[in-house]
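Undergrad: Would you mind keeping the following structure in view while I ask a few things?
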Amino acid sequence: MNMLTVQDLRKIFGKFEAVKGVSFAVEKGESYGLLGPNGAGKSTTINMITGLFPPTSGEIHIKDIDVVKNQKQAQKWIGVVPQEIALYQSMSARENLKFWGRMYDLSGSALEKSVDQVLEIIGLSERAKDKVETFSGGMKRRVNIGAAILHKPELLIMDEPTVGIDPQSRNHILETVKRLNNEGMTIIYTSHYMEEVEYLCERIGIVDHGELIASGTLSELRETIGDHSKIILAMDKERFNPEQITESLTTFFSDKDFQIQDQQVMVFHKEPQLILTDFIQSVTKTGAKITSVDIVEPNLESVFLHLTGRNLRD
């Protein structure tokens with residue numbers, strides 16, 4: 001059974017089409033990662049799913065509920081962790097959670113019980129009475145997550161929940177998300193950190209220029225580059241001529257097999273040792289100076305780079 005179904009979703013702002021016919025589905029109990037560089041349409045897609053603003057066209061269903069037509073009903077199933085921290089700084093962690101619990105129509109003993117459970121989940125029971133303004137950025141994000149799960153949503157949408165926090169809080173958040181998913185909560189997780197998505201998500205969608213350009217398990221996505229490894233040559237910027245290097249490399253490689261970016265020249269190949277010498281010679285004969293050579297086994301980052309032609313943080 002699908003917890004979320006998105007069909008031909010589009011969003012136009014004036015003359016700019018931010019989302020161009022995105023379609024995907026997330027099964028009940030699944031953890032789905034949504035990756036995309038800034039401006040790719042990822043956050044716009046999330047905002048339409050959560051009902052923040054309506055799509056220009058297309059359909060969104062949570063279970064069998066049409067989100068566009070029955071927004072209030074659909075939102076009862078959703079918990080949202082936004083990029084920005086949405087807390088009252090002068091209130092304690094417990095007071096913040098009680099406030100947001102009331103927004104979900106919780107009250108009385110049910111509210112108190114839920115707040116206690118959430119404080120335990122986010123690891124802040126001992127700091128419950130402390131004002132949020134005294135918390136680190138990571139602790140504030142943990143309270144933010146707590147506010148989103150008070151009503152025990154079946155679908156939790158997390159938009160960049162670990163941006164700018166300390167490693168300890170980041171690890172705690174990842175383990176919390178893993179725990180919630182293992183307990184049956186459906187997760188949609190967006191992040192700039194590939195390793196987080198690889199760790200948490202069963203399936204991954206890659207968004208670029210407003211389109212969903214690939215979707216599947218990590219193994220399925222790896223197949224898009226044929227399990228090719230990546231050879232990376234770091235270049236001395238004083239003797240780096242991308243145009244000459246491109247011309248030289250086309251003697252041995254197709255345009256899709258190599259990329260040049262930020263004083264780096266990269267080639268994808270299933271057996272990198274076989275082409276390493278030709279690759280290096282093609283680059284050095286332009287007068288370029290290589291400062292280091294790296295061979296990287298295929299991972300989500302190499303898939304993303306291959307599909308979009310850029311790094312996730314570009």
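If you're wondering about the labels, chains in the structure tokens are A, B, ... by order shown, residues count from 1 in each chain, ligands from 1 in order shown.
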Please provide as number ranges by chain all residues within 6 Å of range 2-10 of chain A, with the sequence filter that same-chain residues fewer than 5 positions apart are discarded (counting only C-alpha atoms).

TA: A: 19-28, 55-63

Undergrad: Could those selected residues go to a file with N, CA and C atoms, as a short mmCIF file (atom, residue, chain, number, x, y, z; two decimals), in the first residue's frame?

TA:
data_model
loop_
_atom_site.label_atom_id
_atom_site.label_comp_id
_atom_site.auth_asym_id
_atom_site.auth_seq_id
_atom_site.Cartn_x
_atom_site.Cartn_y
_atom_site.Cartn_z
N VAL A 19 8.72 22.99 -10.78
CA VAL A 19 8.54 21.53 -10.75
C VAL A 19 7.84 21.12 -12.03
N LYS A 20 8.42 20.12 -12.73
CA LYS A 20 7.99 19.80 -14.09
C LYS A 20 7.52 18.35 -14.20
N GLY A 21 6.32 18.08 -13.73
CA GLY A 21 5.75 16.75 -13.93
C GLY A 21 6.38 15.65 -13.10
N VAL A 22 6.62 15.91 -11.84
CA VAL A 22 7.25 14.92 -10.95
C VAL A 22 6.23 13.87 -10.53
N SER A 23 6.62 12.60 -10.62
CA SER A 23 5.78 11.48 -10.18
C SER A 23 6.62 10.49 -9.39
N PHE A 24 6.13 10.06 -8.24
CA PHE A 24 6.76 8.99 -7.48
C PHE A 24 5.79 8.52 -6.39
N ALA A 25 6.09 7.36 -5.82
CA ALA A 25 5.25 6.81 -4.75
C ALA A 25 6.14 6.30 -3.63
N VAL A 26 5.63 6.40 -2.41
CA VAL A 26 6.36 5.92 -1.23
C VAL A 26 5.45 4.94 -0.51
N GLU A 27 5.93 3.73 -0.32
CA GLU A 27 5.13 2.70 0.33
C GLU A 27 5.05 2.93 1.83
N LYS A 28 4.00 2.40 2.43
CA LYS A 28 3.83 2.48 3.88
C LYS A 28 5.00 1.80 4.57
N PRO A 55 -0.36 22.83 -5.87
CA PRO A 55 0.32 22.64 -7.15
C PRO A 55 -0.40 23.38 -8.26
N THR A 56 0.32 23.72 -9.31
CA THR A 56 -0.32 24.29 -10.50
C THR A 56 -1.16 23.22 -11.17
N SER A 57 -0.65 22.00 -11.20
CA SER A 57 -1.41 20.84 -11.69
C SER A 57 -0.80 19.58 -11.10
N GLY A 58 -1.51 18.47 -11.28
CA GLY A 58 -1.04 17.20 -10.74
C GLY A 58 -1.81 16.79 -9.50
N GLU A 59 -1.51 15.60 -9.01
CA GLU A 59 -2.23 15.04 -7.87
C GLU A 59 -1.27 14.57 -6.78
N ILE A 60 -1.73 14.71 -5.53
CA ILE A 60 -1.00 14.22 -4.36
C ILE A 60 -1.99 13.48 -3.48
N HIS A 61 -1.71 12.22 -3.20
CA HIS A 61 -2.57 11.44 -2.31
C HIS A 61 -1.77 10.88 -1.14
N ILE A 62 -2.28 11.06 0.06
CA ILE A 62 -1.75 10.40 1.23
C ILE A 62 -2.77 9.33 1.61
N LYS A 63 -2.34 8.08 1.48
CA LYS A 63 -3.28 6.95 1.50
C LYS A 63 -4.28 7.20 0.37
#

Undergrad: So which residues touch range 102-119 of chain A within 7 Å, counting only C-alpha atoms, skipping near sequence neighbours fewer than 5 positions away, as a PyMOL selection string?

TA: chain A and resi 94+97+124-125+146+150-151

Undergrad: What does the file look like for those residues with N, CA and C atoms, as a PDB file, in the first residue's frame?

TA:
ATOM      1  N   ARG A  94       9.774  21.466  27.090  1.00  0.00           N
ATOM      2  CA  ARG A  94       8.448  20.910  27.393  1.00  0.00           C
ATOM      3  C   ARG A  94       7.336  21.866  26.983  1.00  0.00           C
ATOM      4  N   LEU A  97       6.874  21.787  23.234  1.00  0.00           N
ATOM      5  CA  LEU A  97       6.207  20.564  22.792  1.00  0.00           C
ATOM      6  C   LEU A  97       4.717  20.581  23.143  1.00  0.00           C
ATOM      7  N   LEU A 124      16.079  14.322  25.458  1.00  0.00           N
ATOM      8  CA  LEU A 124      16.154  15.598  26.172  1.00  0.00           C
ATOM      9  C   LEU A 124      15.281  15.625  27.425  1.00  0.00           C
ATOM     10  N   SER A 125      14.983  14.465  27.993  1.00  0.00           N
ATOM     11  CA  SER A 125      14.146  14.412  29.193  1.00  0.00           C
ATOM     12  C   SER A 125      14.752  15.220  30.339  1.00  0.00           C
ATOM     13  N   GLY A 146      10.895  16.561  17.620  1.00  0.00           N
ATOM     14  CA  GLY A 146       9.912  16.154  18.620  1.00  0.00           C
ATOM     15  C   GLY A 146       8.546  16.765  18.376  1.00  0.00           C
ATOM     16  N   LEU A 150       4.731  14.438  17.774  1.00  0.00           N
ATOM     17  CA  LEU A 150       3.866  14.379  18.962  1.00  0.00           C
ATOM     18  C   LEU A 150       2.555  13.643  18.696  1.00  0.00           C
ATOM     19  N   HIS A 151       1.988  13.851  17.514  1.00  0.00           N
ATOM     20  CA  HIS A 151       0.681  13.260  17.197  1.00  0.00           C
ATOM     21  C   HIS A 151       0.806  11.902  16.509  1.00  0.00           C
TER      22      HIS A 151
END

Undergrad: Taking into account only C-alpha atoms, which residue in the set A:Leu52, A:Ile188, A:Ile231, A:Leu307 is nearest to Ala214 in chain A?

TA: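 Closest to Ala214 in chain A of all the choices is A:Leu307.
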
Undergrad: Write down as JSON, numbers by chain the residues of range 43-194 of chain A whose backbone DSSP state falls under strand (DSSP E).

TA: {"A": [57, 58, 59, 60, 61, 62, 65, 66, 78, 79, 80, 81, 155, 156, 157, 158, 159, 186, 187, 188, 189, 190]}

Undergrad: Under the rule that only C-alpha atoms are counted, which of A:Phe268, A:Tyr193, A:Phe258, A:Tyr199 is the nearest residue to Lys230 in chain A?

TA: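 So, comparing all the options, the nearest one is A:Phe268.
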
Undergrad: For Ile232 in chain A, find every residue with an atom within 7 Å (counting only C-alpha atoms), except residues of its own chain fewer than 2 positions away, and show them as a list in words.

TA: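 These residues fall inside the cut-off: Lys230, Ala234, Gln264, Val265, Met266, Val267, Val293, Asp294 and Ile295 of chain A.
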
Undergrad: Between A:Ile49, A:Val143, A:Met235, A:Leu174, which one has atoms that come closest to Ile122 in chain A, using only C-alpha atoms?

TA: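 Closest candidate: A:Val143.
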
Undergrad: With only C-alpha atoms as the basis for distance, which of A:Asp130, A:Glu120, A:Asp236, A:Glu271 is at the shortest distance from His172 in chain A?

TA: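 Looking only at the distances to His172 in chain A, the closest residue turns out to be A:Glu120.
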
Undergrad: Extract, using only C-alpha atoms, all DNA, RNA and protein residues at most 8 Å from Gly216 in chain A, discarding same-chain residues fewer than 4 positions from it, and format them as a list in words.

TA: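 The neighbour list is Arg203, Ile204, Gly205, Glu220 and Leu221 of chain A.
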
Undergrad: Of the candidates A:Met139, A:Leu305, A:Ala288, A:Val67, which one gets nearest to Phe53 in chain A if we count only C-alpha atoms?

TA: A:Val67

Undergrad: Taking the DSSP secondary structure from the backbone, can you list the residues of range 93-205 of chain A that are alpha helix (DSSP H), as a ChimeraX atom specification?

TA: /A:93-103,108-121,137-149,167-182,194-200

Undergrad: Restrict the selected residues to C-alpha atoms and save them as a compact mmCIF listing (two decimals), in the first residue's frame.

TA:
# COMPACT_ATOMS: atom_id res chain seq x y z
CA ALA A 93 11.51 22.31 25.61
CA ARG A 94 8.45 20.91 27.39
CA GLU A 95 6.47 24.13 26.90
CA ASN A 96 7.31 24.16 23.20
CA LEU A 97 6.21 20.56 22.79
CA LYS A 98 2.97 21.18 24.69
CA PHE A 99 2.26 24.20 22.50
CA TRP A 100 2.70 22.21 19.29
CA GLY A 101 0.80 19.28 20.76
CA ARG A 102 -2.23 21.52 21.23
CA MET A 103 -1.94 22.49 17.56
CA GLY A 108 -4.87 16.62 29.09
CA SER A 109 -3.19 13.37 30.04
CA ALA A 110 -2.81 12.34 26.37
CA LEU A 111 -0.75 15.48 25.72
CA GLU A 112 1.41 14.99 28.82
CA LYS A 113 2.06 11.35 27.94
CA SER A 114 2.98 12.21 24.37
CA VAL A 115 5.37 14.98 25.47
CA ASP A 116 7.10 12.62 27.92
CA GLN A 117 7.48 9.95 25.22
CA VAL A 118 8.86 12.44 22.71
CA LEU A 119 11.36 13.90 25.19
CA GLU A 120 12.67 10.37 25.73
CA ILE A 121 12.89 9.71 21.97
CA GLY A 137 21.73 24.16 17.40
CA GLY A 138 21.60 20.37 17.41
CA MET A 139 19.42 20.22 20.51
CA LYS A 140 17.03 22.76 19.01
CA ARG A 141 16.71 20.59 15.91
CA ARG A 142 15.93 17.61 18.12
CA VAL A 143 13.08 19.56 19.74
CA ASN A 144 11.95 20.52 16.23
CA ILE A 145 11.73 16.82 15.37
CA GLY A 146 9.91 16.15 18.62
CA ALA A 147 7.25 18.72 17.74
CA ALA A 148 6.62 16.93 14.44
CA ILE A 149 6.04 13.48 15.96
CA PRO A 167 28.35 15.57 15.12
CA GLN A 168 26.83 14.21 18.35
CA SER A 169 23.41 15.72 17.66
CA ARG A 170 23.62 14.67 14.03
CA ASN A 171 24.24 11.06 15.03
CA HIS A 172 21.39 11.21 17.53
CA ILE A 173 19.02 12.53 14.87
CA LEU A 174 20.02 9.79 12.40
CA GLU A 175 19.48 7.10 15.01
CA THR A 176 16.12 8.65 15.94
CA VAL A 177 14.99 8.61 12.31
CA LYS A 178 16.16 5.00 11.97
CA ARG A 179 14.25 4.03 15.10
CA LEU A 180 11.03 5.73 13.98
CA ASN A 181 11.25 4.04 10.59
CA ASN A 182 11.92 0.63 12.16
CA MET A 194 24.88 11.66 0.69
CA GLU A 195 26.00 9.38 3.52
CA GLU A 196 22.85 10.18 5.51
CA VAL A 197 20.59 9.18 2.64
CA GLU A 198 22.62 6.03 1.99
CA TYR A 199 22.34 5.08 5.67
CA LEU A 200 18.65 5.84 6.18

Undergrad: Can you tell me, as a VMD selection string, what residues are no more than 9 Å from Lys152 in chain A when counting only C-alpha atoms, ignoring any on the same chain fewer than 6 positions away?

TA: chain A and resid 77 to 79 114 185

Undergrad: Write a file of the selected residues as a compact mmCIF listing (two decimals), in the first residue's frame, keeping N, CA and C atoms.

TA:
# COMPACT_ATOMS: atom_id res chain seq x y z
N TRP A 77 -2.23 13.12 9.03
CA TRP A 77 -1.36 11.97 8.87
C TRP A 77 0.11 12.37 8.78
N ILE A 78 0.40 13.68 8.65
CA ILE A 78 1.75 14.14 8.33
C ILE A 78 2.41 14.82 9.53
N GLY A 79 3.70 14.57 9.70
CA GLY A 79 4.55 15.36 10.58
C GLY A 79 5.62 16.00 9.72
N SER A 114 2.30 12.08 25.65
CA SER A 114 2.98 12.21 24.37
C SER A 114 4.25 13.05 24.50
N MET A 185 7.03 4.01 10.98
CA MET A 185 6.72 5.32 10.45
C MET A 185 7.33 5.48 9.05

Undergrad: What is the CA of Lys270 in chain A to CA of Thr250 in chain A distance in Å?

TA: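 Those two atoms sit 17.9 Å apart.
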
Undergrad: When you count only C-alpha atoms, which of these residues is closest to Ala40 in chain A: A:Val303, A:Thr186, A:Ala18, A:Leu249?

TA: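 Ranked by minimum distance to Ala40 in chain A, first place goes to A:Ala18.
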